[in-house]
Amino acid sequence: MSPLTSFKLSELADILEVELDGNPDTEIFGLSSLDLASERDISFISRESFIPQLQSTNAAAIICSKALSDHFKGSKLISDDPYLLYAKCSSLFKSKPLQNPGISKLASVDSSASVADSAVISNFVSVSKNSIIEDDVILMPGVFIGNDTVVKKGTIIHSNASIYESIEIGEGCIIHSGVVIGSDGLGFAKESNQWVKIEHLGKVLIGNNVELGSNTTIDRGSVGDTVLGDNIKIDNLVHIAHNVYIGSGSAIAANSAIAGSTKIGKNCTLAGCTALVDNIQIADEVHITAKSLITKSIKESGIYSSGTPFMKNSDWKKNAVGFKKLHKLSKL
Amino acid sequence: MSPLTSFKLSELADILEVELDGNPDTEIFGLSSLDLASERDISFISRESFIPQLQSTNAAAIICSKALSDHFKGSKLISDDPYLLYAKCSSLFKSKPLQNPGISKLASVDSSASVADSAVISNFVSVSKNSIIEDDVILMPGVFIGNDTVVKKGTIIHSNASIYESIEIGEGCIIHSGVVIGSDGLGFAKESNQWVKIEHLGKVLIGNNVELGSNTTIDRGSVGDTVLGDNIKIDNLVHIAHNVYIGSGSAIAANSAIAGSTKIGKNCTLAGCTALVDNIQIADEVHITAKSLITKSIKESGIYSSGTPFMKNSDWKKNAVGFKKLHKLSKL
Amino acid sequence: MSPLTSFKLSELADILEVELDGNPDTEIFGLSSLDLASERDISFISRESFIPQLQSTNAAAIICSKALSDHFKGSKLISDDPYLLYAKCSSLFKSKPLQNPGISKLASVDSSASVADSAVISNFVSVSKNSIIEDDVILMPGVFIGNDTVVKKGTIIHSNASIYESIEIGEGCIIHSGVVIGSDGLGFAKESNQWVKIEHLGKVLIGNNVELGSNTTIDRGSVGDTVLGDNIKIDNLVHIAHNVYIGSGSAIAANSAIAGSTKIGKNCTLAGCTALVDNIQIADEVHITAKSLITKSIKESGIYSSGTPFMKNSDWKKNAVGFKKLHKLSKL
């Protein structure tokens, strides 16, 4: 993680297309938080609560809004949206090690599969029958690609991820380690107290610019497909069941679970540990707070919650007893 | 996923042993949902809420109950339990690619291990000392099998699953990708503020016809074993702690967690994101709704719940304040 | 799991430095629970609720406190802290198969990496550029180690774990199968309804004697690092987001999630399925009960809870209706 490159502040202002207030020749070697930055780093402030740190930071320069710029005496890049500018700046300082294109001698690629010359197929990767690996795809060590699966241009799949058969992954996706795509959903009928398996005949279709966090799992459709639109961001350890549909631009934080056949609209955000039951529809622009359980369709955009506040366990016990008496409240 | 086979409707009725109402010669190439089915597919209806789709579906035929059969003018397979019939029908349309038996040259099998001639040992699989891989077992790429482990007849273990030492997996099981069986439980004693590890001396014993969803984890017993009976179905990302016992026929949905030494009876169902604390007993035929926390033993069959309803965040905030005052309800 | 060693009771007392009351020559071949122990095993009692089992157990000897010693007629090892003694005793009966040091011919180690002679590099392991694998480290099959990563003395990493670039793992750690360390956090800014990725420039730094349960995931820092102190014990399927800090001696049970930049003090315990939102601080010695959601900083040591009790679903429904009317309680 030692970036070999540095930028003059004037170069950063040019690349990021923002106003520079300060010394254009200051050399910047890295990006860090206000408290950790050295005099070789640029830092940023996106919340007012960090204003006090502007006095003590060693940063050579900061990214800030016009409104906050008076609080810092040194050099500044000024932006209406400093958090966005920080995001753009971060990509300049990320070192991405060169990977040599080609198929490792320790990989296994079926003769019927198609692998672009520019793709990287690392050690211990399996690419199965009739699969297609497009240009600039990187498959890190231990990745499994099943039969008839397509991985489109520029997508990276990190180590030990498992992609079953008949999956379609769009362009520019980032699939983190341990992700599983295409396993069977929990689908069974009962016959004389025995479970009878519902075979999963559907696929998983994933759009472009989707990021999936580590160890997240996405089941294939039973009949019909599981579908994720474009530009969707999913965190670690999230469960997406069979036949779920997720609209473009939505984001789901860690340890959440979406049950079968539920549909999520566009530009929704689900905070961590949320759960949606099966067969419901969530409108566009719905935002769900952490650890909520959604049991019915939501037709109106807005913020939704369930659960109770936290408190000292001794207080909680008394209120929990009260919860058991709530049915009496109907008389209030 | 392109099934090469097709069935005449009369053949389907014969195989599935149900009544046919319609054209016996209609050729069926696939199984799909009412909204997605083409005129080459059979579809099914198992809930009344889908009745309106019976008008618009393109399906060549449907699976339905006698009661609903009047709503559809085309050919029908009629069953008392259309959902079960759909499950049975799904297996006819699932294409299972032929795998050649034998040990890949890119696999590693210890010389003391026993592998049946009919088993499939794929690339990058490790089979360790004294392990036994029975007839028709399929180990997909990247699977790890520890020492002294037995995988019984006809079980498939998907890519990158990890099975530690001294594990027993029954016949006809389906273990999805990324599953871990046999890791140590979270067992520690404290000595002068340091954790002292409890070594896990027990095994994991898994019955027949068990399915484990992707990235689910099952810890080995500390003393004594972790035991799953027959015909148990577990979804993705479920945690089964050390020394848990699960009775036959039970099912657990995604992201649930069962703490150490807890015993679950037969034919229980746990919805998604449920949690059971340690050292409790759950009777047979107990059903737990999504996201519930069970803190005490349940002796009586039935449905159990915890949590609060969800609502708009602005309403929730007001009610959450009320929760803090619930101890006053004792006066009601 | 068949230990080849046995101990005379007098030897156990010597090694464990405790008082022996009984026959010093009794041969002990294993350690088991009271109900499962044979007459060749030692067992233990650490809770009064197990006293009745002292009558029926077949154990050759037990570990118990002075106070409970009268309830058992056979041989005893007597300790003020029988649970701790049991933990120490368990390590004597754990068979750890010898692994031959060296690099498997089926592994891939970059020429720039440094691997100690005493380390075990198993089949299908990748060790990438400039990484350092210290003495007595064991990397089980399928482990991936990225560039510039250090794994210190005596640490074991189980099969199919994925360690990204620039990670530091301390001495004597146990990393279970499927763990992912160093994936990117869920960090994005929005620009005209598109997510702009925040590149993660930080590392993950893990102290000594840390244990991570299977399929747990730890994201790297965005700016600054994600840091785990010494002697931390984390269960299965836990999510640790970018820039989280966890103080030494803390333990986190399964399926919990800690959001970005949150700081947890020393010697805290989080029960299963807890969640902490982002950017909060938790004091030392805080204990959180199962399935709680913590939404604000906790400044005072103690026990904290949220949620409701569980009950029969028919009762729960009535109380849940009451929860919706709680805002009226402000009048109480």
# chains A, B, ... in the order shown; residues from 1 in each chain; ligands from 1
call {"tool": "select_by_dssp", "arguments": {"residues": "region 21-211 of chain C", "states": "helix (DSSP H, G or I)", "output": "list in words"}}
result
Glu48, Ser49, Phe50, Gln53, Leu54, Gln55, Ser56, Ser69, Asp70, His71, Pro82, Tyr83, Leu84, Leu85, Tyr86, Ala87, Lys88, Cys89, Ser90, Ser91 and Leu92 of chain C
call {"tool": "residues_around", "arguments": {"residues": "region 94-103 of chain A", "least_positions_apart": "3", "cutoff": "9 Å", "atoms": "only C-alpha atoms", "output": "ChimeraX atom specification"}}
result
/A:1-5,90-91,106-109,115-123,136,138 /C:147,199-201
call {"tool": "interface_residues", "arguments": {"of": "chain C", "to": "chain B", "cutoff": "6 Å", "atoms": "only C-alpha atoms", "output": "PyMOL selection string"}}
result
chain C and resi 32-33+84+87+90-91+235+307-313+320+326-327+329
call {"tool": "residues_around", "arguments": {"residues": "Ile232 (chain B)", "least_positions_apart": "3", "cutoff": "10 Å", "atoms": "only C-alpha atoms", "output": "PDB file with all heavy atoms, in the first residue's frame"}}
result
ATOM      1  N   GLN A 194     -41.906 -35.195   5.067  1.00  0.00           N
ATOM      2  CA  GLN A 194     -40.577 -35.142   4.452  1.00  0.00           C
ATOM      3  C   GLN A 194     -40.505 -33.919   3.536  1.00  0.00           C
ATOM      4  O   GLN A 194     -41.485 -33.579   2.874  1.00  0.00           O
ATOM      5  CB  GLN A 194     -40.325 -36.405   3.603  1.00  0.00           C
ATOM      6  CG  GLN A 194     -40.320 -37.690   4.398  1.00  0.00           C
ATOM      7  CD  GLN A 194     -39.099 -37.814   5.286  1.00  0.00           C
ATOM      8  OE1 GLN A 194     -37.984 -37.634   4.833  1.00  0.00           O
ATOM      9  NE2 GLN A 194     -39.309 -38.090   6.559  1.00  0.00           N
ATOM     10  N   TRP A 195     -39.360 -33.272   3.518  1.00  0.00           N
ATOM     11  CA  TRP A 195     -39.150 -32.159   2.600  1.00  0.00           C
ATOM     12  C   TRP A 195     -38.871 -32.703   1.193  1.00  0.00           C
ATOM     13  O   TRP A 195     -38.037 -33.578   1.024  1.00  0.00           O
ATOM     14  CB  TRP A 195     -37.947 -31.323   3.034  1.00  0.00           C
ATOM     15  CG  TRP A 195     -38.087 -30.681   4.370  1.00  0.00           C
ATOM     16  CD1 TRP A 195     -37.427 -31.003   5.511  1.00  0.00           C
ATOM     17  CD2 TRP A 195     -38.934 -29.574   4.713  1.00  0.00           C
ATOM     18  NE1 TRP A 195     -37.794 -30.174   6.536  1.00  0.00           N
ATOM     19  CE2 TRP A 195     -38.726 -29.290   6.075  1.00  0.00           C
ATOM     20  CE3 TRP A 195     -39.853 -28.799   3.993  1.00  0.00           C
ATOM     21  CZ2 TRP A 195     -39.397 -28.257   6.737  1.00  0.00           C
ATOM     22  CZ3 TRP A 195     -40.522 -27.776   4.649  1.00  0.00           C
ATOM     23  CH2 TRP A 195     -40.291 -27.519   6.003  1.00  0.00           C
TER      24      TRP A 195
ATOM     25  N   CYS B 173     -26.692 -35.827   0.933  1.00  0.00           N
ATOM     26  CA  CYS B 173     -26.681 -34.429   1.394  1.00  0.00           C
ATOM     27  C   CYS B 173     -26.234 -33.493   0.278  1.00  0.00           C
ATOM     28  O   CYS B 173     -25.542 -33.897  -0.663  1.00  0.00           O
ATOM     29  CB  CYS B 173     -25.740 -34.265   2.586  1.00  0.00           C
ATOM     30  SG  CYS B 173     -26.294 -35.139   4.069  1.00  0.00           S
ATOM     31  N   ILE B 206     -23.674 -35.455  10.888  1.00  0.00           N
ATOM     32  CA  ILE B 206     -24.783 -34.961  10.062  1.00  0.00           C
ATOM     33  C   ILE B 206     -25.487 -36.147   9.427  1.00  0.00           C
ATOM     34  O   ILE B 206     -24.834 -37.025   8.850  1.00  0.00           O
ATOM     35  CB  ILE B 206     -24.248 -33.987   8.992  1.00  0.00           C
ATOM     36  CG1 ILE B 206     -23.703 -32.739   9.699  1.00  0.00           C
ATOM     37  CG2 ILE B 206     -25.311 -33.629   7.974  1.00  0.00           C
ATOM     38  CD1 ILE B 206     -23.102 -31.710   8.773  1.00  0.00           C
ATOM     39  N   GLY B 207     -26.834 -36.169   9.525  1.00  0.00           N
ATOM     40  CA  GLY B 207     -27.630 -37.294   9.035  1.00  0.00           C
ATOM     41  C   GLY B 207     -27.753 -37.318   7.516  1.00  0.00           C
ATOM     42  O   GLY B 207     -26.976 -36.687   6.795  1.00  0.00           O
ATOM     43  N   ASN B 208     -28.754 -38.028   7.038  1.00  0.00           N
ATOM     44  CA  ASN B 208     -28.986 -38.182   5.609  1.00  0.00           C
ATOM     45  C   ASN B 208     -29.918 -37.094   5.081  1.00  0.00           C
ATOM     46  O   ASN B 208     -30.766 -36.580   5.810  1.00  0.00           O
ATOM     47  CB  ASN B 208     -29.617 -39.548   5.322  1.00  0.00           C
ATOM     48  CG  ASN B 208     -28.730 -40.688   5.790  1.00  0.00           C
ATOM     49  OD1 ASN B 208     -27.501 -40.615   5.702  1.00  0.00           O
ATOM     50  ND2 ASN B 208     -29.347 -41.747   6.323  1.00  0.00           N
ATOM     51  N   ASN B 209     -29.764 -36.781   3.796  1.00  0.00           N
ATOM     52  CA  ASN B 209     -30.668 -35.849   3.113  1.00  0.00           C
ATOM     53  C   ASN B 209     -30.727 -34.483   3.788  1.00  0.00           C
ATOM     54  O   ASN B 209     -31.781 -33.856   3.864  1.00  0.00           O
ATOM     55  CB  ASN B 209     -32.083 -36.445   3.015  1.00  0.00           C
ATOM     56  CG  ASN B 209     -32.067 -37.748   2.249  1.00  0.00           C
ATOM     57  OD1 ASN B 209     -31.450 -37.832   1.192  1.00  0.00           O
ATOM     58  ND2 ASN B 209     -32.691 -38.777   2.791  1.00  0.00           N
ATOM     59  N   VAL B 210     -29.591 -34.045   4.264  1.00  0.00           N
ATOM     60  CA  VAL B 210     -29.480 -32.709   4.854  1.00  0.00           C
ATOM     61  C   VAL B 210     -28.978 -31.753   3.773  1.00  0.00           C
ATOM     62  O   VAL B 210     -28.100 -32.114   2.987  1.00  0.00           O
ATOM     63  CB  VAL B 210     -28.514 -32.741   6.050  1.00  0.00           C
ATOM     64  CG1 VAL B 210     -28.169 -31.330   6.527  1.00  0.00           C
ATOM     65  CG2 VAL B 210     -29.120 -33.571   7.190  1.00  0.00           C
ATOM     66  N   GLU B 211     -29.561 -30.548   3.712  1.00  0.00           N
ATOM     67  CA  GLU B 211     -29.035 -29.525   2.804  1.00  0.00           C
ATOM     68  C   GLU B 211     -28.569 -28.321   3.610  1.00  0.00           C
ATOM     69  O   GLU B 211     -29.291 -27.838   4.487  1.00  0.00           O
ATOM     70  CB  GLU B 211     -30.106 -29.113   1.773  1.00  0.00           C
ATOM     71  CG  GLU B 211     -29.568 -28.140   0.729  1.00  0.00           C
ATOM     72  CD  GLU B 211     -30.411 -28.018  -0.542  1.00  0.00           C
ATOM     73  OE1 GLU B 211     -31.299 -28.874  -0.777  1.00  0.00           O
ATOM     74  OE2 GLU B 211     -30.176 -27.069  -1.310  1.00  0.00           O
ATOM     75  N   LEU B 212     -27.360 -27.866   3.326  1.00  0.00           N
ATOM     76  CA  LEU B 212     -26.787 -26.716   4.038  1.00  0.00           C
ATOM     77  C   LEU B 212     -26.525 -25.602   3.035  1.00  0.00           C
ATOM     78  O   LEU B 212     -25.805 -25.792   2.056  1.00  0.00           O
ATOM     79  CB  LEU B 212     -25.465 -27.102   4.716  1.00  0.00           C
ATOM     80  CG  LEU B 212     -25.505 -28.250   5.721  1.00  0.00           C
ATOM     81  CD1 LEU B 212     -24.094 -28.498   6.275  1.00  0.00           C
ATOM     82  CD2 LEU B 212     -26.472 -27.962   6.858  1.00  0.00           C
ATOM     83  N   LEU B 228     -26.767 -33.132  13.779  1.00  0.00           N
ATOM     84  CA  LEU B 228     -27.935 -32.811  12.956  1.00  0.00           C
ATOM     85  C   LEU B 228     -28.560 -34.124  12.500  1.00  0.00           C
ATOM     86  O   LEU B 228     -27.870 -34.984  11.946  1.00  0.00           O
ATOM     87  CB  LEU B 228     -27.548 -31.998  11.718  1.00  0.00           C
ATOM     88  CG  LEU B 228     -27.387 -30.476  11.891  1.00  0.00           C
ATOM     89  CD1 LEU B 228     -26.180 -30.139  12.743  1.00  0.00           C
ATOM     90  CD2 LEU B 228     -27.268 -29.794  10.541  1.00  0.00           C
ATOM     91  N   GLY B 229     -29.875 -34.258  12.722  1.00  0.00           N
ATOM     92  CA  GLY B 229     -30.593 -35.465  12.319  1.00  0.00           C
ATOM     93  C   GLY B 229     -30.758 -35.546  10.804  1.00  0.00           C
ATOM     94  O   GLY B 229     -30.063 -34.880  10.043  1.00  0.00           O
ATOM     95  N   ILE B 246     -30.007 -30.797  16.470  1.00  0.00           N
ATOM     96  CA  ILE B 246     -31.191 -30.438  15.683  1.00  0.00           C
ATOM     97  C   ILE B 246     -31.924 -31.704  15.268  1.00  0.00           C
ATOM     98  O   ILE B 246     -31.330 -32.604  14.666  1.00  0.00           O
ATOM     99  CB  ILE B 246     -30.821 -29.603  14.435  1.00  0.00           C
ATOM    100  CG1 ILE B 246     -30.009 -28.375  14.848  1.00  0.00           C
ATOM    101  CG2 ILE B 246     -32.072 -29.177  13.670  1.00  0.00           C
ATOM    102  CD1 ILE B 246     -29.590 -27.484  13.686  1.00  0.00           C
ATOM    103  N   GLY B 247     -33.218 -31.765  15.615  1.00  0.00           N
ATOM    104  CA  GLY B 247     -34.025 -32.938  15.327  1.00  0.00           C
ATOM    105  C   GLY B 247     -34.394 -33.036  13.858  1.00  0.00           C
ATOM    106  O   GLY B 247     -34.455 -32.018  13.139  1.00  0.00           O
ATOM    107  N   SER B 248     -34.686 -34.242  13.421  1.00  0.00           N
ATOM    108  CA  SER B 248     -34.981 -34.513  12.017  1.00  0.00           C
ATOM    109  C   SER B 248     -36.144 -33.674  11.506  1.00  0.00           C
ATOM    110  O   SER B 248     -37.100 -33.404  12.228  1.00  0.00           O
ATOM    111  CB  SER B 248     -35.319 -35.995  11.843  1.00  0.00           C
ATOM    112  OG  SER B 248     -34.173 -36.760  12.145  1.00  0.00           O
ATOM    113  N   GLY B 249     -36.046 -33.273  10.253  1.00  0.00           N
ATOM    114  CA  GLY B 249     -37.145 -32.589   9.601  1.00  0.00           C
ATOM    115  C   GLY B 249     -37.239 -31.102   9.898  1.00  0.00           C
ATOM    116  O   GLY B 249     -38.123 -30.429   9.386  1.00  0.00           O
ATOM    117  N   SER B 250     -36.345 -30.576  10.699  1.00  0.00           N
ATOM    118  CA  SER B 250     -36.402 -29.141  10.995  1.00  0.00           C
ATOM    119  C   SER B 250     -35.739 -28.329   9.888  1.00  0.00           C
ATOM    120  O   SER B 250     -34.891 -28.828   9.153  1.00  0.00           O
ATOM    121  CB  SER B 250     -35.743 -28.849  12.341  1.00  0.00           C
ATOM    122  OG  SER B 250     -36.576 -29.318  13.390  1.00  0.00           O
ATOM    123  N   ALA B 251     -36.169 -27.062   9.776  1.00  0.00           N
ATOM    124  CA  ALA B 251     -35.618 -26.172   8.749  1.00  0.00           C
ATOM    125  C   ALA B 251     -35.304 -24.818   9.373  1.00  0.00           C
ATOM    126  O   ALA B 251     -36.053 -24.338  10.230  1.00  0.00           O
ATOM    127  CB  ALA B 251     -36.614 -25.999   7.603  1.00  0.00           C
ATOM    128  N   ILE B 252     -34.205 -24.221   8.950  1.00  0.00           N
ATOM    129  CA  ILE B 252     -33.748 -22.945   9.522  1.00  0.00           C
ATOM    130  C   ILE B 252     -33.417 -21.997   8.381  1.00  0.00           C
ATOM    131  O   ILE B 252     -32.573 -22.303   7.542  1.00  0.00           O
ATOM    132  CB  ILE B 252     -32.497 -23.159  10.399  1.00  0.00           C
ATOM    133  CG1 ILE B 252     -32.795 -24.154  11.521  1.00  0.00           C
ATOM    134  CG2 ILE B 252     -32.003 -21.827  10.969  1.00  0.00           C
ATOM    135  CD1 ILE B 252     -31.593 -24.458  12.412  1.00  0.00           C
ATOM    136  N   LYS B 266     -37.909 -31.961  16.596  1.00  0.00           N
ATOM    137  CA  LYS B 266     -38.203 -32.391  15.232  1.00  0.00           C
ATOM    138  C   LYS B 266     -39.209 -31.454  14.568  1.00  0.00           C
ATOM    139  O   LYS B 266     -40.106 -30.918  15.227  1.00  0.00           O
ATOM    140  CB  LYS B 266     -38.793 -33.800  15.253  1.00  0.00           C
ATOM    141  CG  LYS B 266     -37.804 -34.855  15.669  1.00  0.00           C
ATOM    142  CD  LYS B 266     -38.451 -36.239  15.669  1.00  0.00           C
ATOM    143  CE  LYS B 266     -37.469 -37.250  16.243  1.00  0.00           C
ATOM    144  NZ  LYS B 266     -38.118 -38.544  16.532  1.00  0.00           N
ATOM    145  N   ASN B 267     -39.073 -31.326  13.246  1.00  0.00           N
ATOM    146  CA  ASN B 267     -40.064 -30.617  12.446  1.00  0.00           C
ATOM    147  C   ASN B 267     -40.332 -29.201  12.926  1.00  0.00           C
ATOM    148  O   ASN B 267     -41.449 -28.699  12.826  1.00  0.00           O
ATOM    149  CB  ASN B 267     -41.374 -31.420  12.388  1.00  0.00           C
ATOM    150  CG  ASN B 267     -41.139 -32.799  11.804  1.00  0.00           C
ATOM    151  OD1 ASN B 267     -40.426 -32.934  10.810  1.00  0.00           O
ATOM    152  ND2 ASN B 267     -41.688 -33.822  12.426  1.00  0.00           N
ATOM    153  N   CYS B 268     -39.318 -28.563  13.446  1.00  0.00           N
ATOM    154  CA  CYS B 268     -39.411 -27.140  13.774  1.00  0.00           C
ATOM    155  C   CYS B 268     -39.066 -26.314  12.540  1.00  0.00           C
ATOM    156  O   CYS B 268     -38.363 -26.777  11.646  1.00  0.00           O
ATOM    157  CB  CYS B 268     -38.426 -26.782  14.883  1.00  0.00           C
ATOM    158  SG  CYS B 268     -38.802 -27.563  16.468  1.00  0.00           S
TER     159      CYS B 268
END
call {"tool": "select_by_dssp", "arguments": {"residues": "region 227-287 of chain A", "states": "strand (DSSP E)", "output": "list in words"}}
result
Val227, Leu228, Lys233, Ile234, His239, Ile240, Tyr245, Ile246, Ala251, Ile252, Ala257, Ile258, Lys263, Ile264, Thr269, Leu270, Ala275, Leu276, Gln281, Ile282, Val286 and His287 of chain A
call {"tool": "write_last_selection", "arguments": {"atoms": "C-alpha atoms", "output": "mmCIF file, in the first residue's frame"}}
result
data_model
loop_
_atom_site.group_PDB
_atom_site.id
_atom_site.type_symbol
_atom_site.label_atom_id
_atom_site.label_comp_id
_atom_site.auth_asym_id
_atom_site.auth_seq_id
_atom_site.Cartn_x
_atom_site.Cartn_y
_atom_site.Cartn_z
ATOM 1 C CA VAL A 227 -31.951 -10.085 -10.682
ATOM 2 C CA LEU A 228 -29.714 -7.251 -9.498
ATOM 3 C CA LYS A 233 -23.632 -1.915 -3.608
ATOM 4 C CA ILE A 234 -23.961 -4.796 -1.156
ATOM 5 C CA HIS A 239 -28.244 -13.018 2.061
ATOM 6 C CA ILE A 240 -30.173 -12.498 -1.180
ATOM 7 C CA TYR A 245 -35.178 -8.344 -7.585
ATOM 8 C CA ILE A 246 -33.100 -5.307 -6.596
ATOM 9 C CA ALA A 251 -27.345 -0.324 -1.311
ATOM 10 C CA ILE A 252 -27.590 -2.956 1.435
ATOM 11 C CA ALA A 257 -31.269 -10.769 4.599
ATOM 12 C CA ILE A 258 -33.812 -10.492 1.790
ATOM 13 C CA LYS A 263 -38.678 -6.844 -4.882
ATOM 14 C CA ILE A 264 -36.678 -3.774 -3.831
ATOM 15 C CA THR A 269 -30.783 1.916 1.304
ATOM 16 C CA LEU A 270 -31.016 -0.851 3.873
ATOM 17 C CA ALA A 275 -34.513 -8.254 7.126
ATOM 18 C CA LEU A 276 -37.269 -8.295 4.528
ATOM 19 C CA GLN A 281 -42.544 -5.067 -2.744
ATOM 20 C CA ILE A 282 -40.500 -2.094 -1.591
ATOM 21 C CA VAL A 286 -37.137 3.656 0.682
ATOM 22 C CA HIS A 287 -34.617 3.795 3.533
#
call {"tool": "residues_around", "arguments": {"residues": "region 152-156 of chain C", "least_positions_apart": "2", "cutoff": "9 Å", "atoms": "only C-alpha atoms", "output": "list in words"}}
result
Ala119, Ile132, Ile133, Glu134, Asp135, Asp136, Val137, Ile138, Leu139, Met140, Val150, His158, Glu168, Ile169, Gly170, Glu171, Gly172, Cys173, Ile174, Ile175, His176, Asn208 and Asn209 of chain C
